Amino acid sequence: MTRTRAAEVPAVTDATFAEEVLTAGLPVLVDFTASWCPPCHMIAPVLAEIAREEGHRLKVVQLDVDTNPETTAAYGVLSMPTLMLFRAGEPVRSMVGARPKRRLVQELEDLL
């Protein structure tokens, strides 16, 4: 059984990553995720809430590691979920594992 991804968190692919993430006007939080990953399912609602609440200053997207191996390998992602924050096309913070919303917002605050 695969769960439906949160509608608030759009998917990016190897083909759209540069346009959607690297050239974005806002900082972008990329959720490197997989359908078989229980912690990924745990953090999905947290990311959807952050996308809704912080959309004016942060873009949140997800990338399926199984169907997008080029981007996954390019950024050395080995564990899911990996959350990577990009600013001006560069990764500025990487966090591995699910975490509560409050902690994630605190970890991002100084970069937004």
# chains A, B, ... in the order shown; residues from 1 in each chain; ligands from 1
$ residues_around --residues "Asp14 in chain A" --least-positions-apart "3" --cutoff "12 Å" --atoms "only C-alpha atoms" --output "list in words"
Ala11, Phe17, Ala18, Glu19, Glu20, Val21, Leu22, Phe32, Gln62, Leu63, Asp64, Val65, Asp66, Thr67, Asn68, Pro69, Glu70, Thr71, Thr72, Ala73, Ala74 and Tyr75 of chain A
$ residues_around --residues "Ala44 in chain A" --least-positions-apart "4" --cutoff "10 Å" --atoms "only C-alpha atoms" --output "ChimeraX atom specification"
/A:4-6,8-9,31,33,39-40,48-50,62,81,98
$ write_last_selection --atoms "C-alpha atoms" --output "tab-separated table (two decimals), in the first residue's frame"
chain	number	residue	atom	x	y	z
A	4	THR	CA	-0.87	9.56	-1.16
A	5	ARG	CA	1.60	12.40	-0.84
A	6	ALA	CA	0.42	15.64	0.69
A	8	GLU	CA	0.73	20.90	-0.47
A	9	VAL	CA	4.16	19.42	-1.15
A	31	ASP	CA	12.45	16.18	1.12
A	33	THR	CA	11.82	10.51	0.26
A	39	PRO	CA	9.83	7.81	8.77
A	40	CYS	CA	9.12	9.54	5.44
A	48	ALA	CA	2.70	19.86	4.50
A	49	GLU	CA	2.01	22.10	7.52
A	50	ILE	CA	5.29	23.96	7.08
A	62	GLN	CA	9.75	16.30	-2.39
A	81	PRO	CA	14.16	11.05	4.78
A	98	ALA	CA	11.98	12.51	10.83
$ residues_around --residues "Leu112 in chain A" --least-positions-apart "2" --cutoff "10 Å" --atoms "only C-alpha atoms" --output "VMD selection string"
chain A and resid 26 to 28 54 57 to 58 85 87 105 108 to 110
$ residues_around --residues "Met95 in chain A" --least-positions-apart "6" --cutoff "10 Å" --atoms "only C-alpha atoms" --output "PyMOL selection string"
chain A and resi 31+79-85+104+107
$ write_last_selection --atoms "N, CA, C and O atoms" --output "mmCIF file, in the first residue's frame"
data_model
loop_
_atom_site.group_PDB
_atom_site.id
_atom_site.type_symbol
_atom_site.label_atom_id
_atom_site.label_comp_id
_atom_site.auth_asym_id
_atom_site.auth_seq_id
_atom_site.Cartn_x
_atom_site.Cartn_y
_atom_site.Cartn_z
ATOM 1 N N ASP A 31 12.651 17.411 0.367
ATOM 2 C CA ASP A 31 12.453 16.177 1.118
ATOM 3 C C ASP A 31 12.818 15.022 0.192
ATOM 4 O O ASP A 31 12.075 14.709 -0.730
ATOM 5 N N SER A 79 20.296 8.173 3.161
ATOM 6 C CA SER A 79 19.261 7.801 4.125
ATOM 7 C C SER A 79 18.006 8.616 3.865
ATOM 8 O O SER A 79 18.083 9.764 3.453
ATOM 9 N N MET A 80 16.851 8.003 4.147
ATOM 10 C CA MET A 80 15.592 8.699 3.991
ATOM 11 C C MET A 80 14.882 8.770 5.341
ATOM 12 O O MET A 80 14.970 7.824 6.097
ATOM 13 N N PRO A 81 14.171 9.842 5.598
ATOM 14 C CA PRO A 81 14.159 11.053 4.784
ATOM 15 C C PRO A 81 15.402 11.906 5.038
ATOM 16 O O PRO A 81 15.874 12.002 6.162
ATOM 17 N N THR A 82 15.915 12.494 3.985
ATOM 18 C CA THR A 82 16.925 13.537 4.101
ATOM 19 C C THR A 82 16.257 14.835 3.697
ATOM 20 O O THR A 82 15.624 14.909 2.648
ATOM 21 N N LEU A 83 16.362 15.832 4.540
ATOM 22 C CA LEU A 83 15.824 17.155 4.248
ATOM 23 C C LEU A 83 17.009 18.065 3.969
ATOM 24 O O LEU A 83 17.920 18.174 4.793
ATOM 25 N N MET A 84 17.007 18.677 2.794
ATOM 26 C CA MET A 84 18.120 19.533 2.401
ATOM 27 C C MET A 84 17.574 20.911 2.046
ATOM 28 O O MET A 84 16.670 21.023 1.228
ATOM 29 N N LEU A 85 18.121 21.932 2.683
ATOM 30 C CA LEU A 85 17.699 23.301 2.414
ATOM 31 C C LEU A 85 18.663 23.933 1.415
ATOM 32 O O LEU A 85 19.877 23.915 1.620
ATOM 33 N N LEU A 104 12.030 21.055 13.616
ATOM 34 C CA LEU A 104 12.400 21.343 12.236
ATOM 35 C C LEU A 104 12.363 22.849 11.965
ATOM 36 O O LEU A 104 13.283 23.400 11.367
ATOM 37 N N GLU A 107 15.378 24.422 13.440
ATOM 38 C CA GLU A 107 16.591 24.116 12.671
ATOM 39 C C GLU A 107 16.689 24.940 11.396
ATOM 40 O O GLU A 107 17.785 25.183 10.896
#
$ atom_distance --atom1 "CA of Lys101 in chain A" --atom2 "CA of Ala24 in chain A"
23.4 Å
$ select_by_dssp --residues "range 3-39 of chain A" --states "strand (DSSP E)" --output "list in words"
Ala11, Val12, Val28, Leu29, Val30, Asp31, Phe32 and Thr33 of chain A
$ select_by_dssp --residues "chain A" --states "helix (DSSP H, G or I)" --output "JSON, numbers by chain"
{"A": [17, 18, 19, 20, 21, 22, 38, 39, 40, 41, 42, 43, 44, 45, 46, 47, 48, 49, 50, 51, 52, 53, 69, 70, 71, 72, 73, 74, 101, 102, 103, 104, 105, 106, 107, 108, 109]}
$ closest_residue --among "A:Leu78, A:Ala51, A:Val60, A:Ala15" --to "Gly97 in chain A" --atoms "only C-alpha atoms"
A:Leu78
$ atom_distance --atom1 "CA of Pro100 in chain A" --atom2 "CA of Glu53 in chain A"
15.1 Å
$ closest_residue --among "A:Arg103, A:Pro91, A:Val96, A:Leu111" --to "Val46 in chain A" --atoms "only C-alpha atoms"
A:Arg103
$ closest_residue --among "A:Ser94, A:Thr23, A:Gln106, A:Ser35" --to "Gly76 in chain A" --atoms "only C-alpha atoms"
A:Ser94
$ closest_residue --among "A:Arg99, A:Val61, A:Glu90, A:Val77" --to "Leu29 in chain A" --atoms "only C-alpha atoms"
A:Val61
